[in-house]
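Everything below belongs to final.pdb, which stores PDB, C-alpha atoms (C1' of nucleotides).
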```pdb
ATOM      1  CA  MET A   1      -6.745   6.806   0.719
ATOM      2  CA  GLU A   2      -6.508   7.294   4.492
ATOM      3  CA  ARG A   3      -7.960   3.859   5.085
ATOM      4  CA  LEU A   4      -5.872   2.213   2.359
ATOM      5  CA  VAL A   5      -2.651   3.738   3.715
ATOM      6  CA  ALA A   6      -3.504   2.645   7.272
ATOM      7  CA  TRP A   7      -4.304  -0.845   5.990
ATOM      8  CA  LEU A   8      -0.991  -1.051   4.110
ATOM      9  CA  VAL A   9       0.901   0.045   7.221
ATOM     10  CA  GLU A  10      -0.961  -2.480   9.349
ATOM     11  CA  HIS A  11      -0.628  -5.505   7.065
ATOM     12  CA  ARG A  12       2.593  -4.732   5.156
ATOM     13  CA  PRO A  13       1.547  -6.865   2.145
ATOM     14  CA  ASP A  14       4.066  -7.600  -0.610
ATOM     15  CA  VAL A  15       1.480  -7.264  -3.380
ATOM     16  CA  VAL A  16      -1.947  -5.627  -3.383
ATOM     17  CA  CYS A  17      -4.581  -5.901  -6.114
ATOM     18  CA  LEU A  18      -7.270  -3.199  -6.131
ATOM     19  CA  GLN A  19     -10.517  -3.181  -8.093
ATOM     20  CA  GLU A  20     -13.047  -0.437  -8.876
ATOM     21  CA  THR A  21     -10.514   2.367  -8.621
ATOM     22  CA  LYS A  22     -12.824   4.474 -10.819
ATOM     23  CA  CYS A  23     -10.223   6.995 -11.889
ATOM     24  CA  VAL A  24      -8.026   7.677 -14.880
ATOM     25  CA  ASP A  25      -4.348   6.804 -14.536
ATOM     26  CA  GLU A  26      -3.255  10.465 -14.412
ATOM     27  CA  LYS A  27      -5.451  11.092 -11.373
ATOM     28  CA  PHE A  28      -4.521   7.974  -9.423
ATOM     29  CA  PRO A  29      -3.023   9.069  -6.077
ATOM     30  CA  ARG A  30       0.263   7.221  -6.444
ATOM     31  CA  GLU A  31       2.437   9.292  -4.113
ATOM     32  CA  PRO A  32       1.096   8.252  -0.673
ATOM     33  CA  ILE A  33       1.425   4.620  -1.749
ATOM     34  CA  GLU A  34       4.866   5.037  -3.265
ATOM     35  CA  GLU A  35       6.014   6.724  -0.051
ATOM     36  CA  LEU A  36       5.295   3.445   1.740
ATOM     37  CA  GLY A  37       7.706   1.652  -0.555
ATOM     38  CA  TYR A  38       5.337   0.348  -3.220
ATOM     39  CA  ASN A  39       5.664   0.341  -6.965
ATOM     40  CA  VAL A  40       2.302   1.194  -8.554
ATOM     41  CA  GLU A  41       0.723   0.070 -11.820
ATOM     42  CA  VAL A  42      -2.716   1.370 -12.729
ATOM     43  CA  PHE A  43      -5.222   0.681 -15.472
ATOM     44  CA  GLY A  44      -8.165   2.949 -14.957
ATOM     45  CA  GLN A  45     -11.003   4.820 -16.548
ATOM     46  CA  ARG A  46     -13.318   7.572 -15.410
ATOM     47  CA  THR A  47     -16.263   6.712 -13.106
ATOM     48  CA  TYR A  48     -16.339   2.950 -13.701
ATOM     49  CA  ASN A  49     -14.100  -0.083 -13.296
ATOM     50  CA  GLY A  50     -10.344   0.385 -12.903
ATOM     51  CA  VAL A  51      -7.713  -1.936 -11.445
ATOM     52  CA  ALA A  52      -4.343  -1.348  -9.817
ATOM     53  CA  ILE A  53      -1.453  -3.422  -8.530
ATOM     54  CA  LEU A  54       0.831  -2.268  -5.727
ATOM     55  CA  SER A  55       4.050  -4.200  -5.207
ATOM     56  CA  ARG A  56       7.154  -3.807  -3.086
ATOM     57  CA  ALA A  57       9.164  -5.686  -5.719
ATOM     58  CA  PRO A  58       9.332  -4.189  -9.219
ATOM     59  CA  PHE A  59       7.047  -5.235 -12.069
ATOM     60  CA  ASP A  60       7.830  -6.888 -15.365
ATOM     61  CA  ASP A  61       5.610  -7.636 -18.355
ATOM     62  CA  VAL A  62       2.665  -5.404 -17.427
ATOM     63  CA  GLU A  63      -0.432  -6.068 -19.530
ATOM     64  CA  ARG A  64      -3.550  -3.919 -19.560
ATOM     65  CA  GLY A  65      -6.677  -5.779 -20.592
ATOM     66  CA  PHE A  66      -6.778  -8.803 -22.875
ATOM     67  CA  PRO A  67      -8.020  -9.536 -26.402
ATOM     68  CA  GLY A  68     -11.802  -9.403 -26.659
ATOM     69  CA  ASP A  69     -12.340  -7.865 -23.229
ATOM     70  CA  GLY A  70     -14.537  -5.076 -24.620
ATOM     71  CA  GLY A  71     -12.132  -2.272 -23.735
ATOM     72  CA  GLU A  72     -13.184  -1.729 -20.131
ATOM     73  CA  ALA A  73     -10.421  -1.377 -17.524
ATOM     74  CA  ARG A  74     -10.961  -4.677 -15.746
ATOM     75  CA  ALA A  75      -7.748  -6.685 -16.054
ATOM     76  CA  LEU A  76      -4.171  -5.840 -15.112
ATOM     77  CA  GLY A  77      -1.452  -8.445 -15.325
ATOM     78  CA  ALA A  78       2.159  -8.319 -14.252
ATOM     79  CA  THR A  79       5.069 -10.567 -13.435
ATOM     80  CA  ILE A  80       6.479  -9.921  -9.957
ATOM     81  CA  GLY A  81       9.505 -12.065  -9.189
ATOM     82  CA  ASP A  82       8.430 -15.637  -9.876
ATOM     83  CA  LEU A  83       4.709 -14.806  -9.648
ATOM     84  CA  MET A  84       2.477 -14.122 -12.623
ATOM     85  CA  VAL A  85      -0.311 -11.972 -11.184
ATOM     86  CA  LEU A  86      -3.554 -11.187 -13.000
ATOM     87  CA  ASN A  87      -5.793  -8.745 -11.156
ATOM     88  CA  LEU A  88      -9.412  -8.969 -12.314
ATOM     89  CA  TYR A  89     -12.623  -7.037 -11.910
ATOM     90  CA  VAL A  90     -15.156  -9.298 -13.578
ATOM     91  CA  VAL A  91     -18.250  -7.757 -15.174
ATOM     92  CA  ASN A  92     -21.058  -7.689 -12.579
ATOM     93  CA  GLY A  93     -23.799  -8.619 -15.011
ATOM     94  CA  GLN A  94     -26.656  -6.633 -13.453
ATOM     95  CA  SER A  95     -29.331  -9.332 -13.658
ATOM     96  CA  VAL A  96     -29.673 -12.774 -15.193
ATOM     97  CA  GLY A  97     -30.610 -12.491 -18.860
ATOM     98  CA  SER A  98     -29.657  -8.821 -19.267
ATOM     99  CA  ASP A  99     -27.313  -7.521 -21.949
ATOM    100  CA  ARG A 100     -24.651  -7.042 -19.304
ATOM    101  CA  TYR A 101     -25.158 -10.643 -18.179
ATOM    102  CA  ARG A 102     -24.401 -11.816 -21.715
ATOM    103  CA  ASP A 103     -21.355  -9.491 -21.695
ATOM    104  CA  LYS A 104     -20.230 -11.108 -18.452
ATOM    105  CA  LEU A 105     -20.372 -14.641 -19.830
ATOM    106  CA  ALA A 106     -18.618 -13.598 -23.057
ATOM    107  CA  TRP A 107     -15.949 -11.716 -21.081
ATOM    108  CA  LEU A 108     -15.276 -14.793 -18.958
ATOM    109  CA  GLY A 109     -14.950 -16.929 -22.079
ATOM    110  CA  LYS A 110     -12.362 -14.573 -23.545
ATOM    111  CA  LEU A 111     -10.533 -14.482 -20.220
ATOM    112  CA  ALA A 112     -10.311 -18.288 -20.148
ATOM    113  CA  GLU A 113      -8.873 -18.254 -23.683
ATOM    114  CA  HIS A 114      -6.341 -15.610 -22.694
ATOM    115  CA  VAL A 115      -5.222 -17.436 -19.566
ATOM    116  CA  ARG A 116      -4.928 -20.679 -21.525
ATOM    117  CA  ASP A 117      -2.777 -18.895 -24.139
ATOM    118  CA  ARG A 118      -0.574 -16.759 -21.908
ATOM    119  CA  TYR A 119      -0.378 -18.187 -18.381
ATOM    120  CA  PRO A 120       1.619 -21.444 -18.232
ATOM    121  CA  MET A 121       0.259 -23.606 -15.452
ATOM    122  CA  ASP A 122       3.743 -24.812 -14.537
ATOM    123  CA  GLU A 123       4.488 -21.239 -13.410
ATOM    124  CA  LYS A 124       3.226 -19.640 -10.183
ATOM    125  CA  VAL A 125       0.070 -18.026 -11.531
ATOM    126  CA  VAL A 126      -2.245 -16.002  -9.295
ATOM    127  CA  LEU A 127      -5.585 -14.754 -10.615
ATOM    128  CA  CYS A 128      -7.283 -12.652  -7.977
ATOM    129  CA  GLY A 129      -9.885  -9.981  -7.549
ATOM    130  CA  ASP A 130     -13.626  -9.477  -7.741
ATOM    131  CA  PHE A 131     -15.019 -12.344  -9.805
ATOM    132  CA  ASN A 132     -18.646 -11.454  -9.076
ATOM    133  CA  ILE A 133     -19.494 -15.193  -8.998
ATOM    134  CA  THR A 134     -20.028 -17.681  -6.197
ATOM    135  CA  PHE A 135     -18.569 -21.145  -6.808
ATOM    136  CA  ASP A 136     -21.428 -23.010  -5.158
ATOM    137  CA  ASP A 137     -24.079 -22.721  -2.462
ATOM    138  CA  ARG A 138     -21.490 -22.833   0.327
ATOM    139  CA  ASP A 139     -20.533 -19.309  -0.774
ATOM    140  CA  VAL A 140     -24.068 -17.942  -0.288
ATOM    141  CA  TRP A 141     -25.694 -16.915   2.995
ATOM    142  CA  ASP A 142     -29.153 -18.012   1.769
ATOM    143  CA  PRO A 143     -28.812 -20.247  -1.301
ATOM    144  CA  ASP A 144     -32.561 -20.561  -1.832
ATOM    145  CA  ARG A 145     -33.087 -16.821  -1.867
ATOM    146  CA  TRP A 146     -30.206 -16.406  -4.312
ATOM    147  CA  ARG A 147     -31.069 -19.392  -6.521
ATOM    148  CA  GLU A 148     -30.340 -18.556 -10.196
ATOM    149  CA  ARG A 149     -29.920 -14.878  -9.368
ATOM    150  CA  ILE A 150     -27.002 -12.742 -10.472
ATOM    151  CA  LEU A 151     -23.681 -13.819  -8.881
ATOM    152  CA  CYS A 152     -25.150 -17.301  -8.302
ATOM    153  CA  SER A 153     -26.687 -18.480 -11.572
ATOM    154  CA  THR A 154     -25.688 -21.779 -13.164
ATOM    155  CA  PRO A 155     -24.285 -20.221 -16.384
ATOM    156  CA  GLU A 156     -22.058 -17.913 -14.333
ATOM    157  CA  ARG A 157     -20.829 -20.806 -12.210
ATOM    158  CA  GLU A 158     -20.196 -22.836 -15.358
ATOM    159  CA  ALA A 159     -18.220 -19.954 -16.855
ATOM    160  CA  LEU A 160     -16.100 -19.799 -13.702
ATOM    161  CA  ALA A 161     -15.661 -23.582 -13.790
ATOM    162  CA  GLY A 162     -14.557 -23.222 -17.417
ATOM    163  CA  LEU A 163     -11.854 -20.793 -16.312
ATOM    164  CA  MET A 164     -10.750 -23.220 -13.585
ATOM    165  CA  GLU A 165     -10.429 -25.990 -16.206
ATOM    166  CA  VAL A 166      -7.416 -24.156 -17.593
ATOM    167  CA  GLY A 167      -5.671 -25.600 -14.526
ATOM    168  CA  LEU A 168      -6.529 -23.267 -11.647
ATOM    169  CA  ARG A 169      -7.645 -24.114  -8.122
ATOM    170  CA  ASP A 170      -9.599 -22.132  -5.546
ATOM    171  CA  ALA A 171      -7.129 -21.264  -2.775
ATOM    172  CA  VAL A 172      -9.774 -21.343  -0.040
ATOM    173  CA  ARG A 173     -10.509 -24.991  -0.776
ATOM    174  CA  LYS A 174      -6.936 -25.992   0.024
ATOM    175  CA  PHE A 175      -7.750 -25.283   3.652
ATOM    176  CA  THR A 176     -11.444 -25.965   4.264
ATOM    177  CA  ASP A 177     -14.598 -27.455   2.743
ATOM    178  CA  GLU A 178     -16.782 -25.374   5.039
ATOM    179  CA  GLY A 179     -19.286 -22.839   3.780
ATOM    180  CA  GLY A 180     -20.040 -19.478   5.328
ATOM    181  CA  ILE A 181     -16.891 -17.709   4.131
ATOM    182  CA  TYR A 182     -17.975 -14.425   2.566
ATOM    183  CA  THR A 183     -16.170 -11.479   0.976
ATOM    184  CA  TRP A 184     -19.053  -9.148  -0.001
ATOM    185  CA  TRP A 185     -22.078  -7.852   1.862
ATOM    186  CA  ASP A 186     -24.703  -5.586   0.282
ATOM    187  CA  PHE A 187     -24.777  -1.987   1.546
ATOM    188  CA  ARG A 188     -28.481  -1.683   0.904
ATOM    189  CA  THR A 189     -29.685  -4.354   3.281
ATOM    190  CA  PHE A 190     -27.099  -3.646   5.996
ATOM    191  CA  ALA A 191     -26.056  -7.195   5.246
ATOM    192  CA  ILE A 192     -22.854  -7.089   7.283
ATOM    193  CA  LYS A 193     -24.833  -6.753  10.507
ATOM    194  CA  ARG A 194     -26.517 -10.110   9.938
ATOM    195  CA  ASN A 195     -23.601 -11.659   8.003
ATOM    196  CA  ARG A 196     -25.722 -11.951   4.879
ATOM    197  CA  GLY A 197     -22.743 -12.310   2.579
ATOM    198  CA  LEU A 198     -21.478 -13.936  -0.578
ATOM    199  CA  ARG A 199     -17.993 -15.186  -1.453
ATOM    200  CA  ILE A 200     -17.290 -13.576  -4.831
ATOM    201  CA  ASP A 201     -13.652 -12.474  -4.431
ATOM    202  CA  HIS A 202     -11.225 -15.258  -5.132
ATOM    203  CA  PHE A 203      -7.627 -16.377  -5.448
ATOM    204  CA  LEU A 204      -7.347 -18.840  -8.333
ATOM    205  CA  LEU A 205      -3.965 -20.544  -8.371
ATOM    206  CA  SER A 206      -1.925 -22.694 -10.741
ATOM    207  CA  PRO A 207      -0.590 -25.911  -9.154
ATOM    208  CA  PRO A 208       2.809 -24.397  -8.167
ATOM    209  CA  ALA A 209       1.078 -21.362  -6.614
ATOM    210  CA  PHE A 210      -1.472 -23.610  -4.912
ATOM    211  CA  ASP A 211       1.365 -25.669  -3.403
ATOM    212  CA  ALA A 212       3.089 -22.492  -2.204
ATOM    213  CA  CYS A 213      -0.058 -21.040  -0.629
ATOM    214  CA  ILE A 214       0.103 -21.352   3.167
ATOM    215  CA  GLY A 215      -3.110 -19.565   4.087
ATOM    216  CA  ILE A 216      -5.946 -17.338   2.979
ATOM    217  CA  ASP A 217      -8.208 -15.196   5.096
ATOM    218  CA  VAL A 218     -10.969 -12.636   4.714
ATOM    219  CA  ASP A 219     -10.315  -9.393   6.601
ATOM    220  CA  VAL A 220     -13.867  -8.970   7.874
ATOM    221  CA  ALA A 221     -12.803  -6.353  10.432
ATOM    222  CA  THR A 222     -12.038  -3.920   7.604
ATOM    223  CA  ARG A 223     -15.527  -4.478   6.163
ATOM    224  CA  LYS A 224     -16.998  -3.696   9.602
ATOM    225  CA  ALA A 225     -14.949  -0.516  10.076
ATOM    226  CA  GLU A 226     -16.033   3.068   9.308
ATOM    227  CA  LYS A 227     -16.802   3.990   5.693
ATOM    228  CA  PRO A 228     -15.924   0.570   4.288
ATOM    229  CA  SER A 229     -16.053  -0.884   0.820
ATOM    230  CA  ASP A 230     -18.870  -3.368   0.368
ATOM    231  CA  HIS A 231     -16.115  -5.966  -0.143
ATOM    232  CA  ALA A 232     -13.673  -7.202   2.476
ATOM    233  CA  PRO A 233      -9.993  -7.556   1.603
ATOM    234  CA  VAL A 234      -8.924 -11.144   0.984
ATOM    235  CA  ILE A 235      -5.375 -11.895   2.107
ATOM    236  CA  ALA A 236      -3.409 -14.866   0.823
ATOM    237  CA  ALA A 237       0.000 -15.930   2.112
ATOM    238  CA  PHE A 238       2.659 -17.772   0.103
ATOM    239  CA  GLU A 239       5.850 -19.445   1.285
TER
ATOM    240  C1'  DA B 240     -41.574  -6.545  -1.468
ATOM    241  C1'  DT B 241     -37.608  -4.655  -6.961
ATOM    242  C1'  DG B 242     -37.009  -1.618  -1.904
ATOM    243  C1'  DG B 243     -32.709  -0.499   0.754
ATOM    244  C1'  DT B 244     -27.101   2.322   0.539
ATOM    245  C1'  DC B 245     -23.060   3.629  -1.557
ATOM    246  C1'  DG B 246     -19.524   6.470  -4.875
ATOM    247  C1'  DC B 247     -19.119   9.230  -8.553
ATOM    248  C1'  DG B 248     -20.218  13.673 -10.018
ATOM    249  C1'  DG B 249     -23.124  16.976  -9.947
ATOM    250  C1'  DA B 250     -28.596  13.639 -12.522
ATOM    251  C1'  DG B 251     -28.887   9.275 -12.516
ATOM    252  C1'  DC B 252     -26.370   5.065 -12.956
ATOM    253  C1'  DG B 253     -23.950   0.803 -11.700
ATOM    254  C1'  DA B 254     -23.081  -1.979  -7.992
TER
END
```

I need this file expressed as structure tokens, please.
Amino acid sequence: MERLVAWLVEHRPDVVCLQETKCVDEKFPREPIEELGYNVEVFGQRTYNGVAILSRAPFDDVERGFPGDGGEARALGATIGDLMVLNLYVVNGQSVGSDRYRDKLAWLGKLAEHVRDRYPMDEKVVLCGDFNITFDDRDVWDPDRWRERILCSTPEREALAGLMEVGLRDAVRKFTDEGGIYTWWDFRTFAIKRNRGLRIDHFLLSPPAFDACIGIDVDVATRKAEKPSDHAPVIAAFE
DNA sequence: ATGGTCGCGGAGCGA
């Protein structure tokens, strides 16, 4: 909470989407965030998963989860002004071929259905969060080492592409075709020191949101700071 | 090479 509060004070974002909050709604520490002027919506569970949205402007149409999502607290949607925001913590999938991997692919299929049904692509739609999938080899520090492994396998990438087919675009690719942009670095291998990262946290935008997006950046400094998450914050700006 | 480090929660699991 100390680091989150300092980060909010430093960056003054209008909307923040958090993943892996790992706490039930009753225990979520709302007050320090509300004191900074944010409205707070949480969708949590004990120990695992959990998502939250912080917003200076009030929320409308909050939705927790989606049909067929398996009941885990991984999706929190809300309308904020003219933005339809869907904050996602995609199933990690453990390893290719595992039960959880099959869950991941099924979950993504249900998500694509839900977005197709409920998120009109002529509105400003923002899907963001931890997708636990790289789009292509540009998002991987060593594509050969990661070939067909979890977060990089072809079925995962096809599932993500299937979601994009609803009418979404990857915000980063509005601004650059370059590789080497990462949002996650493994704790276990001290990967941040050598920049052995993956880009698995995304902003997926409908055409009106894509047009309104004026920049997106990974806050690597926060990943390099004391007691970090293994993910870096991703910050997108809209006109 | 199946490790390594984290957080949660009070052992072992998921990431």

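This file, filtered with the PyMOL selection byres ((chain B and resi 247) around 8), gives the residues Thr47 of chain A; DG246 and DG248 of chain B.
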
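From CA of Val5 in chain A back to CA of Ile33 in chain A, the distance works out to 6.9 Å.
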
Output the contact residues of chain A with respect to chain B at a cut-off of 6 Å, based on all atoms listed in the file, as a ChimeraX atom specification.
/A:47,187-189

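Omitting range 216-229 of chain A and its sequence neighbours fewer than 6 positions away, and counting all atoms listed in the file, the residues within 9 Å are Arg3, Trp7, Ala171, Val172, Phe175, Ile181, Tyr182, Thr183, Trp184, Trp185, Phe187, Ile192, Lys193, Phe203, Ile235, Ala236 and Ala237 of chain A; DC245 of chain B.
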
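This file gives the following result for the PyMOL selection byres ((chain A and resi 208-211) around 8): Met121, Asp122, Glu123, Lys124, Val125, Val126, Arg169, Ala171, Lys174, Leu205, Ser206, Pro207, Ala212, Cys213, Ile214 and Phe238 of chain A.
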
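With CA of Cys128 in chain A on one side and CA of Asp144 in chain A on the other, the separation reads 27.2 Å.
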
Padded axis-aligned box of range 245-254 of chain B (6 Å per side), centre and edge lengths, Å, one decimal, as JSON:
```
{"center_x": -24.0, "center_y": 7.5, "center_z": -7.3, "size_x": 21.8, "size_y": 31.0, "size_z": 23.4}
```

Range 24-26 of chain A environment, 6 Å, all atoms listed in the file, sequence neighbours closer than 5 positions dropped, as a ChimeraX atom specification
/A:42,44-46

Requested write-out: C-alpha atoms of the selected residues, as a short mmCIF file (atom, residue, chain, number, x, y, z; two decimals), in the frame of the given file:
```
data_model
loop_
_atom_site.label_atom_id
_atom_site.label_comp_id
_atom_site.auth_asym_id
_atom_site.auth_seq_id
_atom_site.Cartn_x
_atom_site.Cartn_y
_atom_site.Cartn_z
CA VAL A 42 -2.72 1.37 -12.73
CA GLY A 44 -8.16 2.95 -14.96
CA GLN A 45 -11.00 4.82 -16.55
CA ARG A 46 -13.32 7.57 -15.41
#
```

Would you list the residues near (-10.2, -0.1, -22.8), meaning any protein, DNA or RNA residue with an atom at most 12 Å from that point in file coordinates, counting only C-alpha atoms (C1' of nucleotides), as a PyMOL selection string?
chain A and resi 24+43-46+48-51+63-76

Got time to write the residues from that selection, C-alpha atoms, as a PDB file, keeping the file's coordinate frame?
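Done, and the output landed in selection-v7.pdb:
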```pdb
ATOM      1  CA  VAL A  24      -8.026   7.677 -14.880  1.00  0.00           C
ATOM      2  CA  PHE A  43      -5.222   0.681 -15.472  1.00  0.00           C
ATOM      3  CA  GLY A  44      -8.165   2.949 -14.957  1.00  0.00           C
ATOM      4  CA  GLN A  45     -11.003   4.820 -16.548  1.00  0.00           C
ATOM      5  CA  ARG A  46     -13.318   7.572 -15.410  1.00  0.00           C
ATOM      6  CA  TYR A  48     -16.339   2.950 -13.701  1.00  0.00           C
ATOM      7  CA  ASN A  49     -14.100  -0.083 -13.296  1.00  0.00           C
ATOM      8  CA  GLY A  50     -10.344   0.385 -12.903  1.00  0.00           C
ATOM      9  CA  VAL A  51      -7.713  -1.936 -11.445  1.00  0.00           C
ATOM     10  CA  GLU A  63      -0.432  -6.068 -19.530  1.00  0.00           C
ATOM     11  CA  ARG A  64      -3.550  -3.919 -19.560  1.00  0.00           C
ATOM     12  CA  GLY A  65      -6.677  -5.779 -20.592  1.00  0.00           C
ATOM     13  CA  PHE A  66      -6.778  -8.803 -22.875  1.00  0.00           C
ATOM     14  CA  PRO A  67      -8.020  -9.536 -26.402  1.00  0.00           C
ATOM     15  CA  GLY A  68     -11.802  -9.403 -26.659  1.00  0.00           C
ATOM     16  CA  ASP A  69     -12.340  -7.865 -23.229  1.00  0.00           C
ATOM     17  CA  GLY A  70     -14.537  -5.076 -24.620  1.00  0.00           C
ATOM     18  CA  GLY A  71     -12.132  -2.272 -23.735  1.00  0.00           C
ATOM     19  CA  GLU A  72     -13.184  -1.729 -20.131  1.00  0.00           C
ATOM     20  CA  ALA A  73     -10.421  -1.377 -17.524  1.00  0.00           C
ATOM     21  CA  ARG A  74     -10.961  -4.677 -15.746  1.00  0.00           C
ATOM     22  CA  ALA A  75      -7.748  -6.685 -16.054  1.00  0.00           C
ATOM     23  CA  LEU A  76      -4.171  -5.840 -15.112  1.00  0.00           C
TER      24      LEU A  76
END
```

Which residues are near range 96-111 of chain A? Cut-off 12 Å, all atoms listed in the file, ignore same chain within fewer than 6 positions. Put them as a ChimeraX atom specification.
/A:65-72,74-77,86-90,117-119,127,131-133,146-166 /B:253

Evaluate the PyMOL selection byres ((chain A and resi 29) around 12) and record the selected residues as a PyMOL selection string, following the chain and residue labels used in the document.
chain A and resi 1-2+4-5+21-28+30-35+40-42+44+52+54

List as a ChimeraX atom specification the protein and nucleic acid residues near Val15 in chain A, meaning an atom at most 10 Å away when all atoms listed in the file are counted, but skip any in the same chain fewer than 2 places from it.
/A:12-13,17,38-40,53-57,80,85,235-236

Provide the CA of Asn92 in chain A to CA of Arg116 in chain A distance in Å, to one decimal place.
22.6 Å

Could you list, as a PyMOL selection string, every residue within 6 Å of Ala78 in chain A, counting all atoms listed in the file and ignoring same-chain residues fewer than 3 positions away?
chain A and resi 60-62+85

Could I get range 68-81 of chain A rebuilt with N, CA, C and O atoms, written as a CSV table (one decimal), in the coordinates of the input?
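Produced file part-v8.csv, reproduced below:
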```
chain,number,residue,atom,x,y,z
A,68,GLY,N,-10.4,-9.1,-26.7
A,68,GLY,CA,-11.8,-9.4,-26.7
A,68,GLY,C,-12.5,-9.0,-25.4
A,68,GLY,O,-13.6,-9.4,-25.1
A,69,ASP,N,-11.8,-8.2,-24.5
A,69,ASP,CA,-12.3,-7.9,-23.2
A,69,ASP,C,-13.3,-6.7,-23.3
A,69,ASP,O,-13.9,-6.3,-22.3
A,70,GLY,N,-13.5,-6.1,-24.5
A,70,GLY,CA,-14.5,-5.1,-24.6
A,70,GLY,C,-14.0,-3.7,-24.3
A,70,GLY,O,-14.8,-2.7,-24.4
A,71,GLY,N,-12.7,-3.6,-23.9
A,71,GLY,CA,-12.1,-2.3,-23.7
A,71,GLY,C,-12.3,-1.6,-22.4
A,71,GLY,O,-11.9,-0.5,-22.2
A,72,GLU,N,-13.0,-2.3,-21.5
A,72,GLU,CA,-13.2,-1.7,-20.1
A,72,GLU,C,-11.9,-2.1,-19.3
A,72,GLU,O,-11.3,-3.1,-19.5
A,73,ALA,N,-11.6,-1.2,-18.3
A,73,ALA,CA,-10.4,-1.4,-17.5
A,73,ALA,C,-10.7,-2.4,-16.4
A,73,ALA,O,-11.0,-2.0,-15.3
A,74,ARG,N,-10.6,-3.6,-16.7
A,74,ARG,CA,-11.0,-4.7,-15.7
A,74,ARG,C,-9.9,-5.7,-15.5
A,74,ARG,O,-10.1,-6.6,-14.7
A,75,ALA,N,-8.8,-5.7,-16.2
A,75,ALA,CA,-7.7,-6.7,-16.1
A,75,ALA,C,-6.4,-6.0,-16.1
A,75,ALA,O,-6.1,-5.3,-17.0
A,76,LEU,N,-5.5,-6.3,-15.1
A,76,LEU,CA,-4.2,-5.8,-15.1
A,76,LEU,C,-3.3,-7.0,-14.7
A,76,LEU,O,-3.4,-7.5,-13.6
A,77,GLY,N,-2.4,-7.3,-15.6
A,77,GLY,CA,-1.5,-8.4,-15.3
A,77,GLY,C,0.0,-7.9,-15.2
A,77,GLY,O,0.3,-6.9,-15.7
A,78,ALA,N,0.7,-8.7,-14.4
A,78,ALA,CA,2.2,-8.3,-14.3
A,78,ALA,C,2.9,-9.5,-13.7
A,78,ALA,O,2.3,-10.4,-13.0
A,79,THR,N,4.2,-9.6,-14.0
A,79,THR,CA,5.1,-10.6,-13.4
A,79,THR,C,5.8,-9.9,-12.3
A,79,THR,O,6.4,-8.8,-12.5
A,80,ILE,N,5.8,-10.5,-11.1
A,80,ILE,CA,6.5,-9.9,-10.0
A,80,ILE,C,7.3,-11.0,-9.4
A,80,ILE,O,6.8,-12.0,-8.8
A,81,GLY,N,8.6,-10.9,-9.6
A,81,GLY,CA,9.5,-12.1,-9.2
A,81,GLY,C,9.1,-13.3,-9.9
A,81,GLY,O,9.0,-13.3,-11.2
```
